[in-house]
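Asks: After the structure tokens below, expect a handful of questions from me.
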Amino acid sequence: MATMPAASQSPAGGGGRTLNIGMSLTATAAPAYAALGYGIQAYLQNRNDTTGGVNGYKFNINIVDNANTTQGGATSVRQLLSPKPDLLIVEATSPFVGSLNVLRSMAADIPTIVFADADKVKEAKMPSLFGTWPSYTRECMLLARYAVQTRKQTNLALLYIDNAVGQGASETCPAYMKKIGATKVTAIAIPLTTTSFASIAQKMKDSGAQGGVIIAYSPQTKGVQVAAVAMNYRPSWYGFSSLFDKNYLDLAGAAAEGTFIDSWVEPLSSDTAEVKAFTRAIRKYSPISETSLGSYGWTMGAVIVAALEQATKGGKPLTADSWMAALRQMDGLRAGLSPALTYKDDQSSVVRKVAIYQVKGGRFHAVAEAVPIPNP
């Protein structure tokens with residue numbers, strides 16, 4: 001049985017213990033995405049303050065910037081391992097890929113939550129890793145299926161960021177598009193360093209594409225969409241779940257109107273108890289993270305707590321094995337702003353179903369209920 005790194009005595013006294021959590025975040029290079037980590041931090045701090053933690057355990061969080069690079073991923077995780085934390089969180093696909101050798105050699109016994117492409121998490125073949133995002137390739141397939149089968153568009157473009165985030169989708173999604181009925185698919189790479197997007201939009205326009213499935217970050221998505229509008233080209237757009245966020249809407253402005261985006265959390269415009277709880281807490285602990293990305297993090301905070309509650313139920317001592325076993329047993333959990341999250345049978349992603357929303361009037365409106373992500 002793997003033992004937990006020693007949980008320190010809580011400085012607050014009362015016999016409680018402190019669980020130390022190390023977070024590798026894109027704090028400076030991609031601050032909007034750092035809301036994922038700050039959302040987790042807000043959820044756990046809220047539990048500390050409102051219920052005294054979980055079964056005698058409180059949370060302490062140490063954050064190190066990974067600069068959203070592979071080298072930064074390795075450096076930040078190595079720094080977080082001295083001393084060893086009880087739980088690790090690594091944000092973004094490139095830093096995760098960069099940190100893998102460190103995780104294998106120094107942290108294979110530490111439960112690790114990963115915000116990265118599920119395909120990369122699965123390829124790592126490490127039992128201690130628990131993914132969040134779906135496979136970007138399978139998300140591409142889901143969006144393509146909606147474009148072809150629901151919206152009857154058969155001439156499509158696939159635009160992808162030319163790095164670890166988009167390259168997997170570029171290799172397999174075009175064939176899937178044709179398999180389900182697309183008659184023409186044009187794949188267009190977006191180099192990470194692109195600053196002028198007119199040539200990208202022009203390639204798509206020249207292809208005659210009715211719609212574009214785009215697997216890219218908010219700045220690149222905005223760049224292509226604004227360039228398309230400038231040349232009076234207005235195709236349909238289909239974007240993956242990291243675009244389901246106010247930061248994307250603010251960046252793209254009117255160019256985002258009509259875009260279809262999938263999501264595994266409900267929009268923050270919903271009038272539900274879960275959204276209200278998130279809003280109250282995030283405004284207290286991290287006001288800049290009152291975004292959908294922050295709510296993804298908040299939801300993963302709820303996942304972490306649910307597993308901890310299960311692992312320590314009835315006064316059982318916490319071990320790394322018991323915490324990971326509780327995560328692996330998770331099946332259809334209602335947590336945070338998501339109706340059903342599952343690690344059972346596949347811990348590369350906690351997501352099995354996503355809903356599709358459309359941007360209308362600067363807000364996200366549901367257009368398709370949650371459906372299973374394709375698994376061809």
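Here, A, B, ... name the chains of the structure tokens in the order displayed, residue numbers run from 1 inside each chain, and ligands are numbered from 1 in the same displayed order.
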Identify, on the basis of only C-alpha atoms, every residue whose closest approach to segment 193-196 of chain A does not exceed 12 Å; exclude the query and any residue fewer than 2 positions from it along the same chain; express the result as a list in words.

Replies: Ile161, Asp162, Asn163, Ala189, Ile190, Pro191, Ala198, Ser199, Ile200, Ala201, Gln202, Ala216, Tyr217, Pro219, Gln220, Thr221, Lys222, Gly223, Val224, Gln225, Val226, Ala227 and Ala228 of chain A

Asks: Kindly export the residues of the current selection with N, CA and C atoms, as a short mmCIF file (atom, residue, chain, number, x, y, z; two decimals), in the first residue's frame.

Replies:
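Output file out37.cif follows:
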data_model
loop_
_atom_site.label_atom_id
_atom_site.label_comp_id
_atom_site.auth_asym_id
_atom_site.auth_seq_id
_atom_site.Cartn_x
_atom_site.Cartn_y
_atom_site.Cartn_z
N ILE A 161 -4.68 24.34 -33.53
CA ILE A 161 -3.43 24.91 -33.05
C ILE A 161 -2.33 23.86 -33.24
N ASP A 162 -1.23 24.28 -33.84
CA ASP A 162 -0.21 23.31 -34.26
C ASP A 162 0.76 23.01 -33.11
N ASN A 163 0.21 22.41 -32.05
CA ASN A 163 1.03 21.93 -30.93
C ASN A 163 0.34 20.72 -30.33
N ALA A 189 -3.61 24.22 -40.29
CA ALA A 189 -2.84 24.40 -39.06
C ALA A 189 -2.75 25.88 -38.71
N ILE A 190 -2.78 26.17 -37.41
CA ILE A 190 -2.56 27.52 -36.92
C ILE A 190 -1.28 27.50 -36.09
N PRO A 191 -0.17 27.99 -36.62
CA PRO A 191 1.08 28.01 -35.83
C PRO A 191 0.88 28.81 -34.53
N ALA A 198 -5.23 36.59 -41.27
CA ALA A 198 -5.93 36.76 -42.54
C ALA A 198 -5.68 35.59 -43.48
N SER A 199 -4.44 35.09 -43.54
CA SER A 199 -4.14 34.00 -44.46
C SER A 199 -4.85 32.71 -44.04
N ILE A 200 -5.00 32.50 -42.72
CA ILE A 200 -5.71 31.32 -42.23
C ILE A 200 -7.17 31.39 -42.66
N ALA A 201 -7.79 32.54 -42.41
CA ALA A 201 -9.21 32.72 -42.78
C ALA A 201 -9.38 32.61 -44.29
N GLN A 202 -8.40 33.13 -45.06
CA GLN A 202 -8.50 33.08 -46.52
C GLN A 202 -8.45 31.65 -47.02
N ALA A 216 -8.48 25.20 -30.80
CA ALA A 216 -7.45 26.21 -30.58
C ALA A 216 -7.81 27.04 -29.35
N TYR A 217 -6.83 27.78 -28.85
CA TYR A 217 -7.05 28.65 -27.70
C TYR A 217 -7.91 29.85 -28.09
N PRO A 219 -7.30 33.17 -28.03
CA PRO A 219 -6.72 34.20 -28.89
C PRO A 219 -6.67 33.80 -30.36
N GLN A 220 -6.33 32.53 -30.64
CA GLN A 220 -6.27 32.09 -32.04
C GLN A 220 -7.67 31.99 -32.64
N THR A 221 -8.62 31.49 -31.85
CA THR A 221 -10.00 31.40 -32.34
C THR A 221 -10.53 32.78 -32.67
N LYS A 222 -10.35 33.71 -31.76
CA LYS A 222 -10.76 35.10 -32.00
C LYS A 222 -10.09 35.65 -33.25
N GLY A 223 -8.77 35.40 -33.40
CA GLY A 223 -8.04 35.94 -34.54
C GLY A 223 -8.61 35.48 -35.87
N VAL A 224 -8.90 34.19 -35.98
CA VAL A 224 -9.44 33.65 -37.22
C VAL A 224 -10.86 34.19 -37.46
N GLN A 225 -11.67 34.23 -36.43
CA GLN A 225 -13.05 34.68 -36.60
C GLN A 225 -13.12 36.15 -37.00
N VAL A 226 -12.32 36.98 -36.35
CA VAL A 226 -12.31 38.41 -36.69
C VAL A 226 -11.81 38.61 -38.12
N ALA A 227 -10.79 37.84 -38.52
CA ALA A 227 -10.27 37.95 -39.89
C ALA A 227 -11.33 37.52 -40.90
N ALA A 228 -12.10 36.49 -40.58
CA ALA A 228 -13.16 36.04 -41.48
C ALA A 228 -14.23 37.11 -41.65
#

Asks: List the neighbours of Ala368 of chain A out to 9 Å using only C-alpha atoms; skip same-chain residues closer than 2 positions along the sequence, and give me the result as a list of chain:residue names.

Replies: A:Ala355, A:Ile356, A:Tyr357, A:Ala366, A:Ala370, A:Val371

Asks: How would you write, as number ranges by chain, the set of residues in segment 100-212 of chain A that DSSP gives as alpha helix (DSSP H)?

Replies: A: 100-106, 118-124, 136-145, 167-179, 198-207

Asks: How about saving the chosen residues, C-alpha atoms kept, as a PDB file, in the first residue's frame?

Replies:
ATOM      1  CA  LEU A 100       5.960  13.575 -17.331  1.00  0.00           C
ATOM      2  CA  ASN A 101       9.514  12.436 -16.685  1.00  0.00           C
ATOM      3  CA  VAL A 102       9.488  14.223 -13.327  1.00  0.00           C
ATOM      4  CA  LEU A 103       6.106  12.743 -12.426  1.00  0.00           C
ATOM      5  CA  ARG A 104       7.274   9.229 -13.328  1.00  0.00           C
ATOM      6  CA  SER A 105      10.543   9.408 -11.422  1.00  0.00           C
ATOM      7  CA  MET A 106       9.524  11.468  -8.389  1.00  0.00           C
ATOM      8  CA  ALA A 118      -7.249  13.076 -22.169  1.00  0.00           C
ATOM      9  CA  ASP A 119      -5.331  11.351 -24.962  1.00  0.00           C
ATOM     10  CA  LYS A 120      -2.057  12.587 -23.469  1.00  0.00           C
ATOM     11  CA  VAL A 121      -3.113  11.430 -20.005  1.00  0.00           C
ATOM     12  CA  LYS A 122      -4.000   7.980 -21.334  1.00  0.00           C
ATOM     13  CA  GLU A 123      -0.753   7.678 -23.288  1.00  0.00           C
ATOM     14  CA  ALA A 124       1.221   8.311 -20.087  1.00  0.00           C
ATOM     15  CA  TYR A 136      -9.607  16.836 -27.833  1.00  0.00           C
ATOM     16  CA  THR A 137      -9.750  14.438 -30.774  1.00  0.00           C
ATOM     17  CA  ARG A 138     -13.056  13.027 -29.571  1.00  0.00           C
ATOM     18  CA  GLU A 139     -14.361  16.532 -28.878  1.00  0.00           C
ATOM     19  CA  CYS A 140     -13.516  17.355 -32.481  1.00  0.00           C
ATOM     20  CA  MET A 141     -15.539  14.320 -33.531  1.00  0.00           C
ATOM     21  CA  LEU A 142     -18.483  15.398 -31.392  1.00  0.00           C
ATOM     22  CA  LEU A 143     -18.498  18.886 -32.919  1.00  0.00           C
ATOM     23  CA  ALA A 144     -18.132  17.459 -36.418  1.00  0.00           C
ATOM     24  CA  ARG A 145     -21.032  15.080 -35.799  1.00  0.00           C
ATOM     25  CA  GLN A 167      -2.162  17.867 -33.518  1.00  0.00           C
ATOM     26  CA  GLY A 168      -3.985  14.739 -32.351  1.00  0.00           C
ATOM     27  CA  ALA A 169      -7.281  15.982 -33.746  1.00  0.00           C
ATOM     28  CA  SER A 170      -5.608  16.862 -37.042  1.00  0.00           C
ATOM     29  CA  GLU A 171      -4.435  13.269 -37.465  1.00  0.00           C
ATOM     30  CA  THR A 172      -7.732  11.450 -36.956  1.00  0.00           C
ATOM     31  CA  CYS A 173     -10.680  13.846 -37.029  1.00  0.00           C
ATOM     32  CA  PRO A 174     -10.724  14.515 -40.829  1.00  0.00           C
ATOM     33  CA  ALA A 175     -11.219  10.806 -41.603  1.00  0.00           C
ATOM     34  CA  TYR A 176     -14.023  10.649 -39.020  1.00  0.00           C
ATOM     35  CA  MET A 177     -15.711  13.675 -40.611  1.00  0.00           C
ATOM     36  CA  LYS A 178     -15.770  11.937 -43.972  1.00  0.00           C
ATOM     37  CA  LYS A 179     -16.918   8.687 -42.407  1.00  0.00           C
ATOM     38  CA  ALA A 198      -5.935  36.761 -42.538  1.00  0.00           C
ATOM     39  CA  SER A 199      -4.139  33.995 -44.462  1.00  0.00           C
ATOM     40  CA  ILE A 200      -5.710  31.317 -42.231  1.00  0.00           C
ATOM     41  CA  ALA A 201      -9.208  32.722 -42.782  1.00  0.00           C
ATOM     42  CA  GLN A 202      -8.498  33.084 -46.520  1.00  0.00           C
ATOM     43  CA  LYS A 203      -7.538  29.398 -46.827  1.00  0.00           C
ATOM     44  CA  MET A 204     -10.790  28.442 -45.172  1.00  0.00           C
ATOM     45  CA  LYS A 205     -12.802  30.795 -47.374  1.00  0.00           C
ATOM     46  CA  ASP A 206     -11.101  29.472 -50.519  1.00  0.00           C
ATOM     47  CA  SER A 207     -12.097  25.935 -49.515  1.00  0.00           C
TER      48      SER A 207
END

Asks: Please identify the strand (DSSP E) residues within segment 76-266 of chain A (assignment by DSSP from backbone atoms) and present them as an mmCIF file with N, CA and C atoms, in the first residue's frame.

Replies:
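Writing done, so here's out.cif:
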data_model
loop_
_atom_site.group_PDB
_atom_site.id
_atom_site.type_symbol
_atom_site.label_atom_id
_atom_site.label_comp_id
_atom_site.auth_asym_id
_atom_site.auth_seq_id
_atom_site.Cartn_x
_atom_site.Cartn_y
_atom_site.Cartn_z
ATOM 1 N N LEU A 87 -1.218 15.956 -2.830
ATOM 2 C CA LEU A 87 -1.943 15.932 -4.104
ATOM 3 C C LEU A 87 -1.268 16.922 -5.028
ATOM 4 N N LEU A 88 -1.166 16.571 -6.306
ATOM 5 C CA LEU A 88 -0.631 17.471 -7.322
ATOM 6 C C LEU A 88 -1.727 17.831 -8.315
ATOM 7 N N ILE A 89 -1.647 19.045 -8.851
ATOM 8 C CA ILE A 89 -2.525 19.482 -9.935
ATOM 9 C C ILE A 89 -1.639 20.119 -10.990
ATOM 10 N N VAL A 90 -1.735 19.626 -12.232
ATOM 11 C CA VAL A 90 -0.931 20.157 -13.326
ATOM 12 C C VAL A 90 -1.877 20.675 -14.396
ATOM 13 N N GLU A 91 -1.687 21.942 -14.753
ATOM 14 C CA GLU A 91 -2.602 22.568 -15.698
ATOM 15 C C GLU A 91 -1.938 22.793 -17.053
ATOM 16 N N THR A 112 -2.609 12.745 -8.809
ATOM 17 C CA THR A 112 -2.349 13.939 -9.615
ATOM 18 C C THR A 112 -3.524 14.220 -10.538
ATOM 19 N N ILE A 113 -4.115 15.408 -10.370
ATOM 20 C CA ILE A 113 -5.199 15.860 -11.236
ATOM 21 C C ILE A 113 -4.583 16.635 -12.391
ATOM 22 N N VAL A 114 -4.995 16.320 -13.628
ATOM 23 C CA VAL A 114 -4.358 16.900 -14.809
ATOM 24 C C VAL A 114 -5.395 17.603 -15.685
ATOM 25 N N PHE A 115 -5.185 18.888 -15.957
ATOM 26 C CA PHE A 115 -5.989 19.609 -16.934
ATOM 27 C C PHE A 115 -5.260 19.567 -18.267
ATOM 28 N N LEU A 129 -2.501 9.268 -12.331
ATOM 29 C CA LEU A 129 -3.015 10.420 -13.066
ATOM 30 C C LEU A 129 -4.527 10.344 -13.245
ATOM 31 N N PHE A 130 -5.178 11.488 -13.030
ATOM 32 C CA PHE A 130 -6.625 11.589 -13.200
ATOM 33 C C PHE A 130 -6.905 12.823 -14.054
ATOM 34 N N GLY A 131 -7.381 12.583 -15.289
ATOM 35 C CA GLY A 131 -7.602 13.678 -16.219
ATOM 36 C C GLY A 131 -8.905 14.408 -15.966
ATOM 37 N N ASN A 155 -19.375 20.403 -46.109
ATOM 38 C CA ASN A 155 -18.080 20.957 -46.502
ATOM 39 C C ASN A 155 -17.521 21.682 -45.283
ATOM 40 N N LEU A 156 -16.526 21.063 -44.629
ATOM 41 C CA LEU A 156 -16.040 21.583 -43.351
ATOM 42 C C LEU A 156 -14.531 21.826 -43.393
ATOM 43 N N ALA A 157 -14.115 22.742 -42.553
ATOM 44 C CA ALA A 157 -12.690 22.946 -42.305
ATOM 45 C C ALA A 157 -12.394 22.533 -40.864
ATOM 46 N N LEU A 158 -11.217 21.966 -40.661
ATOM 47 C CA LEU A 158 -10.711 21.716 -39.314
ATOM 48 C C LEU A 158 -9.523 22.637 -39.101
ATOM 49 N N LEU A 159 -9.676 23.577 -38.168
ATOM 50 C CA LEU A 159 -8.588 24.482 -37.834
ATOM 51 C C LEU A 159 -8.044 24.069 -36.471
ATOM 52 N N TYR A 160 -6.736 23.904 -36.397
ATOM 53 C CA TYR A 160 -6.163 23.380 -35.163
ATOM 54 C C TYR A 160 -4.862 24.094 -34.813
ATOM 55 N N ILE A 161 -4.677 24.340 -33.531
ATOM 56 C CA ILE A 161 -3.426 24.909 -33.055
ATOM 57 C C ILE A 161 -2.334 23.862 -33.238
ATOM 58 N N LYS A 184 -16.270 17.067 -48.056
ATOM 59 C CA LYS A 184 -14.984 17.747 -48.206
ATOM 60 C C LYS A 184 -14.520 18.216 -46.836
ATOM 61 N N VAL A 185 -13.262 17.964 -46.510
ATOM 62 C CA VAL A 185 -12.678 18.408 -45.239
ATOM 63 C C VAL A 185 -11.323 19.039 -45.542
ATOM 64 N N THR A 186 -11.137 20.257 -45.104
ATOM 65 C CA THR A 186 -9.877 20.969 -45.293
ATOM 66 C C THR A 186 -9.243 21.210 -43.929
ATOM 67 N N ALA A 187 -8.075 20.609 -43.699
ATOM 68 C CA ALA A 187 -7.365 20.781 -42.431
ATOM 69 C C ALA A 187 -6.387 21.948 -42.554
ATOM 70 N N ILE A 188 -6.449 22.864 -41.593
ATOM 71 C CA ILE A 188 -5.621 24.072 -41.630
ATOM 72 C C ILE A 188 -4.930 24.242 -40.281
ATOM 73 N N ALA A 189 -3.613 24.218 -40.289
ATOM 74 C CA ALA A 189 -2.844 24.404 -39.060
ATOM 75 C C ALA A 189 -2.745 25.879 -38.710
ATOM 76 N N ILE A 190 -2.782 26.170 -37.409
ATOM 77 C CA ILE A 190 -2.564 27.523 -36.916
ATOM 78 C C ILE A 190 -1.282 27.500 -36.085
ATOM 79 N N GLY A 211 -18.599 25.465 -42.557
ATOM 80 C CA GLY A 211 -18.357 25.580 -41.122
ATOM 81 C C GLY A 211 -16.934 25.196 -40.792
ATOM 82 N N GLY A 212 -16.482 25.689 -39.658
ATOM 83 C CA GLY A 212 -15.139 25.365 -39.201
ATOM 84 C C GLY A 212 -15.147 24.805 -37.799
ATOM 85 N N VAL A 213 -14.630 23.589 -37.638
ATOM 86 C CA VAL A 213 -14.395 23.024 -36.316
ATOM 87 C C VAL A 213 -13.025 23.517 -35.883
ATOM 88 N N ILE A 214 -12.965 24.188 -34.728
ATOM 89 C CA ILE A 214 -11.713 24.814 -34.343
ATOM 90 C C ILE A 214 -11.239 24.306 -32.983
ATOM 91 N N ILE A 215 -10.055 23.715 -32.979
ATOM 92 C CA ILE A 215 -9.423 23.209 -31.759
ATOM 93 C C ILE A 215 -8.221 24.115 -31.501
ATOM 94 N N SER A 236 -20.279 28.876 -40.196
ATOM 95 C CA SER A 236 -20.590 28.441 -38.830
ATOM 96 C C SER A 236 -19.285 28.046 -38.152
ATOM 97 N N TRP A 237 -19.252 28.215 -36.814
ATOM 98 C CA TRP A 237 -18.057 27.864 -36.050
ATOM 99 C C TRP A 237 -18.417 26.891 -34.947
ATOM 100 N N TYR A 238 -17.530 25.917 -34.716
ATOM 101 C CA TYR A 238 -17.742 24.895 -33.690
ATOM 102 C C TYR A 238 -16.459 24.791 -32.864
ATOM 103 N N GLY A 239 -16.533 25.147 -31.570
ATOM 104 C CA GLY A 239 -15.341 25.204 -30.749
ATOM 105 C C GLY A 239 -15.394 24.276 -29.552
ATOM 106 N N PHE A 260 -20.883 27.601 -31.896
ATOM 107 C CA PHE A 260 -21.314 26.439 -31.115
ATOM 108 C C PHE A 260 -20.130 25.928 -30.300
ATOM 109 N N ILE A 261 -20.351 25.678 -29.007
ATOM 110 C CA ILE A 261 -19.268 25.247 -28.111
ATOM 111 C C ILE A 261 -19.815 24.170 -27.185
ATOM 112 N N ASP A 262 -19.023 23.119 -26.974
ATOM 113 C CA ASP A 262 -19.467 22.081 -26.050
ATOM 114 C C ASP A 262 -18.978 22.382 -24.637
ATOM 115 N N SER A 263 -19.677 21.842 -23.636
ATOM 116 C CA SER A 263 -19.295 22.087 -22.248
ATOM 117 C C SER A 263 -19.790 20.968 -21.343
#

Asks: Could you check the closest approach to Tyr38 of chain A for each of A:Pro127, A:Pro267, A:Gly301, A:Gly336 and tell me which residue wins, using only C-alpha atoms?

Replies: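 Answer, going by the shortest atom-to-atom distance: A:Gly301.
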
Asks: So, counting only C-alpha atoms, which residue among A:Met126, A:Val165, A:Ala307, A:Leu268 is closest to Ser338 of chain A?

Replies: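 The closest residue to Ser338 of chain A is A:Leu268.
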
Asks: Please measure the separation of atom CA of Val148 of chain A and atom CA of Ser292 of chain A, giving the value in Å to one decimal.

Replies: 27.1 Å

Asks: List the spatial neighbours of Ser295 of chain A as number ranges by chain - criterion: any atom at most 7 Å away, only C-alpha atoms, same-chain residues fewer than 3 positions off excluded.

Replies: A: 39, 291-292, 298-299, 337

Asks: Identify, on the basis of only C-alpha atoms, every residue whose closest approach to Ile110 of chain A does not exceed 8 Å; exclude the query and any residue fewer than 3 positions from it along the same chain; express the result as number ranges by chain.

Replies: A: 4, 85-88, 107, 128, 320

Asks: Please tabulate, as a tab-separated table, the residues of segment 240-305 of chain A that come within 9 Å of segment 360-363 of chain A, each with its closest pair of atoms and the distance in Å to one decimal, counting only C-alpha atoms and ordering rows by chain, then residue number upward.

Replies:
residue	atom	partner	partner_atom	distance
A:Lys246	CA	A:Arg363	CA	8.5
A:Leu249	CA	A:Gly362	CA	6.6
A:Asp250	CA	A:Gly362	CA	8.5
A:Gly253	CA	A:Gly362	CA	7.6
A:Ala254	CA	A:Gly362	CA	7.8
A:Ala256	CA	A:Gly362	CA	7.9
A:Glu257	CA	A:Lys360	CA	5.8
A:Gly258	CA	A:Lys360	CA	6.0
A:Thr259	CA	A:Lys360	CA	8.3
A:Pro267	CA	A:Arg363	CA	8.6
A:Ser269	CA	A:Arg363	CA	7.8

Asks: Let me make sure I understand: among A:Phe59, A:Phe96, A:Tyr43, A:Phe364, which one has the smallest atom-to-atom distance to Val77 of chain A if we use only C-alpha atoms?

Replies: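 Closest candidate: A:Phe96.
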
Asks: If I take atom CA of Ala311 of chain A and atom CA of Leu327 of chain A, how far is one from the other in Å, to one decimal?

Replies: 8.9 Å
